[in-house]
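Participant: Quick one: the structure is below, questions incoming.
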Amino acid sequence: MPAGAWISTQITTIGPIAKRGIPNVKKVVAVASGKGGVGKSTVAVNLAFALALHRTRPRVGILDLDIFGPSVPKLMGLDDASEPHLTSSGAILPLTNHSLPCMSMGFLLPQTSSSSEDTPVVWRGLMVQKAVQQLLFDVDWRQGEGLDVLVVDMPPGTGDVPLTLGQLVVVDGAVIVSTPQSVSLSDVRKGIAMFRKVDVPITGLILNQSYYKCTSCSSPQYLFGPPDRFLEVAQHLGVRVLGQLPLIPDVSVKSDAGVPYMLAGKADEDEWRGVMSGVADAVLEAVGLPS
């Protein structure tokens with residue numbers, strides 16, 4: 001049997017696993033990308049804040065499932081935070097900044113002389129799966145009445161982590177992030193196919209770094225190519241386009257400072273924040289929460 005056929009057989013013949021909800025969480029939204037480096041974690045964190053700032057004021061948290069390269073601690077301004085506390089029953093208490101609770105593997109890594117950013121995770125698959133399960137089911141999200149929405153920042157690709165999430169958890173929607181390049185869109189197709197294989201509904205696509213508007217330009221500059229191919233892929237796959245985010249230098253500046261860009265001003269004053277607010281509307285509607 002060819003190697004590729006054997007791998008496919010192993011995936012499709014896995015016995016049925018009963019999916020369950022995450023304790024104290026009503027809805028789970030995964031933010032994923034087939035390829036790394038497309039700004040997925042930045043989008044995930046800002047989507048969480050766009051949801052939290054929505055006029056219906058849902059209770060929102062963010063879970064970083066990127067075991068090998070956690071970005072949420074930096075993006076949340078918690079990269080130097082101390083290790084999380086435990087409840088009397090051994091559950092992990094999330095850390096909070098900007099009034100939003102979050103959890104990440106980055107909080108659980110041992111500190112070096114500088115920070116946990118320098119500590120690599122060198123684990124095999126079974127250890128990764130165990131860590132993912134603990135982050136999914138052993139975090140205490142109660143925070144009063146619990147969460148309405150948990151935004152899950154996924155690692156890139158279609159490996160152990162997204163497969164574990166899709167098989168074990170009732171995921172209410174997946175938001176897929178891409179950039180305009182064909183190499184990114186190729187991986188988007190694979191990611192969507194993987195989520196559909198494990199019965200995770202695709203909420204829609206976000207095109208990040210779609211265009212740039214300089215202060216002296218009258219029209220958008222498509223630095224990474226026009227969005228035509230992206231729109232074609234979305235139409236071919238039957239997936240909704242949630243929004244196209246422009247390239248804004250201050251998004252990177254704020255992210256490096258640990259301040260989500262959604263907190264930098266009002267949505268109606270900035271195109272990027274306006275698009276993200278629209279994405280939040282669409283996500284709430286898709287998962288069945290007031291929008």
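In the structure tokens, each chain is lettered A, B, ... as it comes, each chain's residues begin at 1, and ligands are numbered from 1 in order of appearance.
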Compile a residue-level contact table for stretch 147-261 of chain A against stretch 68-79 of chain A at a cut-off of 10 Å, reporting for every qualifying residue the shortest atom pair and its distance in Å to one decimal, with only C-alpha atoms counted, rows ordered by chain and ascending number, as CSV.
Facilitator:
```
residue,atom,partner,partner_atom,distance
A:Asp153,CA,A:Val72,CA,8.2
A:Met154,CA,A:Pro70,CA,9.5
A:Pro155,CA,A:Gly69,CA,7.8
A:Pro156,CA,A:Gly69,CA,9.8
A:Ser252,CA,A:Leu75,CA,9.7
A:Lys254,CA,A:Leu75,CA,8.4
A:Ser255,CA,A:Leu75,CA,5.2
A:Asp256,CA,A:Leu75,CA,6.6
A:Ala257,CA,A:Gly77,CA,6.7
A:Gly258,CA,A:Gly77,CA,3.7
A:Val259,CA,A:Met76,CA,6.3
A:Pro260,CA,A:Leu75,CA,6.7
A:Tyr261,CA,A:Leu75,CA,9.8
```
Participant: Env of stretch 125-128 of chain A: 12 Å cut, atoms = only C-alpha atoms, seq-sep filter 5 positions within chain, self excluded. Answer as a PyMOL selection string.
Facilitator: chain A and resi 65-68+105+133-135+155+159-165
Participant: Which residues are close to A:Leu247, i.e. within 6 Å by only C-alpha atoms, leaving aside same-chain residues fewer than 4 positions away? Reply as an MDAnalysis selection string.
Facilitator: chainID A and resid 209 211:212
Participant: Pick out the residues sitting within 8 Å of stretch 275-281 of chain A, and hand them over as a list of chain:residue names; count only C-alpha atoms, and ignore anything fewer than 3 positions along from it in its own chain.
Facilitator: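 Neighbouring residues, sequence-local ones excluded: A:Asn46, A:Leu47, A:Ala50, A:Leu51, A:His54, A:Leu242, A:Gly243, A:Gln244, A:Leu245, A:Ala267, A:Glu271, A:Trp272, A:Leu284, A:Glu285, A:Ser291.
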Participant: Go ahead and save the residues from that selection, with all heavy atoms, as a short mmCIF file (atom, residue, chain, number, x, y, z; two decimals), in the first residue's frame.
Facilitator:
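Writing done, so here's out-v8.cif:
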```cif
data_model
loop_
_atom_site.label_atom_id
_atom_site.label_comp_id
_atom_site.auth_asym_id
_atom_site.auth_seq_id
_atom_site.Cartn_x
_atom_site.Cartn_y
_atom_site.Cartn_z
N ASN A 46 -7.29 39.83 18.48
CA ASN A 46 -8.13 40.99 18.19
C ASN A 46 -9.59 40.60 17.94
O ASN A 46 -10.49 41.39 18.25
CB ASN A 46 -7.56 41.77 17.01
CG ASN A 46 -6.40 42.66 17.42
OD1 ASN A 46 -6.59 43.76 17.93
ND2 ASN A 46 -5.17 42.17 17.22
N LEU A 47 -9.82 39.41 17.42
CA LEU A 47 -11.19 38.94 17.28
C LEU A 47 -11.82 38.75 18.66
O LEU A 47 -12.99 39.10 18.88
CB LEU A 47 -11.23 37.62 16.50
CG LEU A 47 -12.60 36.95 16.42
CD1 LEU A 47 -13.64 37.87 15.77
CD2 LEU A 47 -12.51 35.62 15.66
N ALA A 50 -12.73 42.11 19.76
CA ALA A 50 -13.86 42.62 18.97
C ALA A 50 -15.16 42.01 19.47
O ALA A 50 -16.19 42.69 19.54
CB ALA A 50 -13.65 42.30 17.50
N LEU A 51 -15.11 40.74 19.83
CA LEU A 51 -16.30 40.09 20.40
C LEU A 51 -16.64 40.68 21.76
O LEU A 51 -17.80 40.97 22.06
CB LEU A 51 -16.05 38.58 20.52
CG LEU A 51 -15.97 37.80 19.21
CD1 LEU A 51 -15.40 36.41 19.45
CD2 LEU A 51 -17.35 37.69 18.56
N HIS A 54 -18.31 43.97 21.58
CA HIS A 54 -19.57 44.00 20.85
C HIS A 54 -20.69 44.57 21.73
O HIS A 54 -20.65 44.45 22.96
CB HIS A 54 -19.93 42.58 20.40
CG HIS A 54 -21.06 42.51 19.43
ND1 HIS A 54 -22.37 42.35 19.82
CD2 HIS A 54 -21.09 42.58 18.07
CE1 HIS A 54 -23.15 42.32 18.76
NE2 HIS A 54 -22.40 42.47 17.68
N LEU A 242 -15.32 36.73 5.45
CA LEU A 242 -15.74 37.55 6.59
C LEU A 242 -15.20 38.97 6.52
O LEU A 242 -15.81 39.89 7.06
CB LEU A 242 -15.29 36.89 7.90
CG LEU A 242 -15.84 35.48 8.17
CD1 LEU A 242 -15.22 34.92 9.43
CD2 LEU A 242 -17.35 35.51 8.27
N GLY A 243 -14.03 39.13 5.89
CA GLY A 243 -13.46 40.46 5.81
C GLY A 243 -12.06 40.44 5.23
O GLY A 243 -11.40 39.40 5.19
N GLN A 244 -11.64 41.62 4.75
CA GLN A 244 -10.29 41.79 4.23
C GLN A 244 -9.60 42.89 5.04
O GLN A 244 -10.01 44.05 4.99
CB GLN A 244 -10.33 42.16 2.74
CG GLN A 244 -11.00 41.10 1.87
CD GLN A 244 -10.93 41.44 0.39
OE1 GLN A 244 -9.89 41.88 -0.12
NE2 GLN A 244 -12.03 41.24 -0.33
N LEU A 245 -8.58 42.49 5.78
CA LEU A 245 -7.89 43.42 6.67
C LEU A 245 -6.75 44.11 5.95
O LEU A 245 -5.90 43.45 5.35
CB LEU A 245 -7.34 42.67 7.88
CG LEU A 245 -8.38 42.11 8.85
CD1 LEU A 245 -7.72 41.13 9.81
CD2 LEU A 245 -9.05 43.25 9.62
N ALA A 267 -13.96 51.67 16.55
CA ALA A 267 -14.03 50.93 15.28
C ALA A 267 -14.38 51.83 14.11
O ALA A 267 -13.90 51.63 12.99
CB ALA A 267 -15.04 49.78 15.40
N GLU A 271 -10.29 51.73 9.59
CA GLU A 271 -10.80 50.70 8.69
C GLU A 271 -10.52 49.30 9.21
O GLU A 271 -11.36 48.41 9.12
CB GLU A 271 -10.17 50.89 7.30
CG GLU A 271 -10.78 50.02 6.23
CD GLU A 271 -10.29 50.41 4.85
OE1 GLU A 271 -9.53 51.38 4.72
OE2 GLU A 271 -10.69 49.73 3.89
N TRP A 272 -9.33 49.07 9.75
CA TRP A 272 -8.95 47.74 10.25
C TRP A 272 -9.89 47.31 11.37
O TRP A 272 -10.43 46.21 11.37
CB TRP A 272 -7.51 47.77 10.75
CG TRP A 272 -6.84 46.44 10.89
CD1 TRP A 272 -6.00 45.83 10.00
CD2 TRP A 272 -6.92 45.55 12.02
NE1 TRP A 272 -5.56 44.63 10.50
CE2 TRP A 272 -6.10 44.44 11.73
CE3 TRP A 272 -7.59 45.59 13.24
CZ2 TRP A 272 -5.94 43.36 12.61
CZ3 TRP A 272 -7.45 44.53 14.13
CH2 TRP A 272 -6.63 43.43 13.82
N LEU A 284 -20.67 35.89 15.82
CA LEU A 284 -21.74 35.74 16.81
C LEU A 284 -23.01 35.18 16.15
O LEU A 284 -23.68 34.30 16.69
CB LEU A 284 -22.06 37.08 17.47
CG LEU A 284 -20.98 37.60 18.44
CD1 LEU A 284 -21.33 39.01 18.88
CD2 LEU A 284 -20.82 36.69 19.64
N GLU A 285 -23.33 35.69 14.96
CA GLU A 285 -24.49 35.19 14.25
C GLU A 285 -24.34 33.72 13.88
O GLU A 285 -25.26 32.92 14.04
CB GLU A 285 -24.72 36.02 12.98
CG GLU A 285 -25.90 35.57 12.14
CD GLU A 285 -26.05 36.35 10.85
OE1 GLU A 285 -25.14 37.15 10.53
OE2 GLU A 285 -27.05 36.16 10.16
N SER A 291 -26.41 38.95 18.02
CA SER A 291 -25.51 39.76 17.23
C SER A 291 -26.12 41.12 16.88
O SER A 291 -25.50 41.92 16.24
CB SER A 291 -25.11 39.03 15.94
OG SER A 291 -26.25 38.71 15.17
#
```
Participant: Just the residues within 8 Å of A:Val171, please, counting only C-alpha atoms, with nothing from its chain fewer than 4 positions along; format it as a count of residues only.
Facilitator: 8
Participant: Find the residues around A:Asn208 up to 8 Å (only C-alpha atoms counted), leave out those fewer than 5 positions away in its own chain, and share them as a list of chain:residue names.
Facilitator: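 The residues satisfying every condition are A:Val38, A:Gly39, A:Val177, A:Ser178, A:Thr179, A:Pro180, A:Gln244, A:Leu245, A:Pro246, A:Leu247.
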Participant: By how many Å are atom CA of A:Leu289 and atom CA of A:Pro58 apart?
Facilitator: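 Straight-line distance from atom CA of A:Leu289 to atom CA of A:Pro58 works out to 8.6 Å.
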Participant: Stretch 42-185 of chain A: which residues are strand (DSSP E) by DSSP, as a PyMOL selection string?
Facilitator: chain A and resi 60-64+95-97+100-104+147-153+173-178
Participant: Could you jot down the atom CA of A:Val45 to atom CA of A:Val149 separation for me, Å, one decimal place?
Facilitator: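 Taking atom CA of A:Val45 as the start and atom CA of A:Val149 as the end point, the length is 12.7 Å.
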Participant: A:Pro84: which residues within 9 Å, counting only C-alpha atoms, same-chain residues fewer than 5 positions away excluded, as a ChimeraX atom specification?
Facilitator: /A:92-95,103,107-108
Participant: Expressed in Å to a single decimal, how great is the separation between atom CA of A:Ala52 and atom CA of A:Arg240?
Facilitator: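 Going from atom CA of A:Ala52 over to atom CA of A:Arg240, I get 22.4 Å.
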Participant: Nearest residue to A:Ile176 out of A:Ala234, A:Asp270, A:Asp199, A:Thr96, using only C-alpha atoms?
Facilitator: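 Closest candidate: A:Ala234.
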Participant: Nearest to A:Asp138 among A:Ser210, A:Thr215, A:Gln167, A:Ser89, with distances taken over only C-alpha atoms: which residue is it?
Facilitator: A:Ser89
Participant: With DSSP run on the backbone, what are the helix (DSSP H, G or I) residues within stretch 38-149 of chain A? I'd like them as a PyMOL selection string.
Facilitator: chain A and resi 40-52+72-75+105-107+116-118+125-137
